[in-house]
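Visitor: The following block contains the structure, expressed as structure tokens.
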Amino acid sequence: MRVGSAADAARPAGYVTIPFLRAPYPQPRVANGARVTTFAQEAFLPFDSNGSRNRPRIMQILRTFAIWLAFWSLVGLMFMGQDVTRRLFFGDPRLWQEAGFWMMRVVLSAALTLVIFWLGSVFPLEKRVWARRVSLHVFFSLCFGVVRTGLEAAVYSHLSAGWGPDYAWTQSPVHTFTVLMIFGFHQALIAYWFILVLHTAVRYYEKFQERSEAALRLELNAAELRAQVTKAQLGALKMQLQPHFLFNTLNAIMGMVRTGEVRQAERALSRFSDLLRAVLDDMDAQEVTLERELAYLRLYLSIEQMRFSDRLVVRIEADPDVLDAAVPHMGLQPVAENAVRHGIGCHVAGGSIDVRASRIGTRLHITVQDSGEGPRTGSPAGRGLGLSNLRSRLTQLHGEEGELRIDCTGSGAVVEMILPYRRHVAAAQETLSLDSVDS
Amino acid sequence: MKSLEKPPRWSALIVDDEPFARASLRTLLEREPDEITIFEARNGHEAASLIRGERPDVVFLDVQMPEMTGFDVVRQVGVTAMPDVIFVTAHDRFAIQAFEINALDYLLKPVSESASRKLSNAHARICGGAAMTTSASCRCCRLSLRRRKPSRASPCVPPARRDS
């Protein structure tokens, strides 16, 4: 019970809880809180379920009706203009005699267009059932022709009463219907199929667009999610490096104080605070310039030198043209830590650590070599959690281009960090103050 | 009466790769009123041979060491052959693992004065609340917890977790 509670109290330090990442659900096109519908959707798809949902269906239908009324009015005006011109040419004084007829046809066409759209939406021409649907629409188009001609005949025979002997054929609605069927039925069929095909084409185009947009949104969301996860993972990896070093250094400083090494403790505290300040300055940065990273490394190694009682010689060399390269923030620290621990820490005589940075082609090579014996037991990969974390960070940042090579075969170990050379965006950062190291 | 009693004698092994970390713990242990023989090991290999050779009562074992971690030392020596272990670690994510291999306790770096208090608590826990300033209780502590069976004759009561 008692031990259990102690275990409960043991909360892992340095772990970053990755917040619950909620993937944004692909959203339809929305502006000012209202779903945006395109003109094509308004004009052709008033009955489709993927139309606007924030407006009553009747308003949607009225809008479509208005659009098609405008369209058919233009067509009607053209025909009426032709009729008026004909009458002018033949000196007929009843120029606007058929205006009412054309107006009726315009309104009827607009209304029947909606009927075709409705039929097209309810019985869409789909690949799966195309044969059945086509035959259904053949039947509908025949009915459409009959109904349209019938309505036209009824109105026409009514309007043309008293228009004179030229319109004798319109006196009986049945006769009018027969004549209009002979001259206008095929037009009705063509109109039906033309509008239906147009409707189907727009419907497919809109579906295609919607699918592409959804796919794009999904892809964007996936990319965003990947970036978030990567950032969280990088943050977690970076954080794992720090507490270990932090508390060990504090422990060493406490040891210096306890053993009376007060001046050394002062120096260590001064350097430690410099390092902390520098790290905190770049806390949110995943990458820093090599120059800055090497400055951290000098500070870090100077603290390690004191922790291991100055048994450590440190040499850092970097080509001037690579100092502005972007490198993982605190990336070299675990490499150096391993070099100190494995290469130097075990040996009474101490040793040296050589850090070199140079550019080979398009890649930046940073090698950390220690003069120790290198591990004789276990695999090189087992050299520490820090190195596997660094390898993960390199993979996260550079994919396959980021490499960490460990060679323990010779005398000492050589850890080589290889990453694509890229200038750091904020290469003009102020140079880190190293006063306490130089003193 | 108590003052006439000889301070208890026991031995401790400090295992850490950092000289100042070892020195720090040594200083703390030297502040104890008990007579403590202190051994030091700089790595896991040295620790394993000292445990086998000197058989200290308590081992202050650093968890993260090169080549051989504190847990590796326990594995190499064997859980039953190990003296009582107090793990010393930079952060407490190893705590659960430490208790899984029957560690007496663990100390967090930087090691503060609480090290000696934890040691006293550990003794008290082993001895069922008896103070560690008597020879009898100290003798009790020298017996490893794992090897001890609870009995009427002994005041030592193993912690509940050990029974499970």
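Simple scheme: letters A, B, ... for chains in structure tokens order, numbers from 1 for residues in each chain, numbers from 1 for ligands in the order shown.
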Please produce, as a Markdown table, a per-residue contact table for chain B versus chain A (criterion: any atom at most 6 Å away, only C-alpha atoms considered), showing the nearest atom pair and its distance in Å to one decimal, sorted by chain then residue number.
Guide:
| residue | atom | partner | partner_atom | distance |
| --- | --- | --- | --- | --- |
| B:Phe20 | CA | A:Gly255 | CA | 4.8 |
| B:Ala21 | CA | A:Ala252 | CA | 5.4 |
| B:Ser24 | CA | A:Gly255 | CA | 4.1 |
| B:Pro66 | CA | A:His342 | CA | 5.4 |
| B:Ala90 | CA | A:Phe247 | CA | 5.3 |
| B:Asp92 | CA | A:Pro12 | CA | 5.8 |
| B:Arg93 | CA | A:Pro12 | CA | 4.3 |
| B:Ile96 | CA | A:Ala7 | CA | 5.7 |
| B:Lys109 | CA | A:Asn251 | CA | 5.5 |
| B:Pro110 | CA | A:Asn251 | CA | 3.8 |
| B:Ala160 | CA | A:Met1 | CA | 5.8 |
Visitor: Just list as a VMD selection string whatever in region 223-365 of chain A DSSP marks as strand (DSSP E or B).
Guide: chain A and resid 287 to 289 312 to 318 325 to 328 351 to 360 363 to 365
Visitor: Rounded to one decimal, what separation in Å do you get between CA of Glu317 (chain A) and CA of His424 (chain A)?
Guide: 19.2 Å
Visitor: So the first atom is CA of Gln64 (chain B) and the second is CA of Leu104 (chain B); what is the distance between them in Å, to one decimal place?
Guide: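 Straight-line distance from CA of Gln64 (chain B) to CA of Leu104 (chain B) works out to 17.9 Å.
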Visitor: Have a look at CA of His365 (chain A) and CA of Gln396 (chain A) and let me know their distance in Å, one decimal.
Guide: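 Between CA of His365 (chain A) and CA of Gln396 (chain A) the gap is 17.9 Å.
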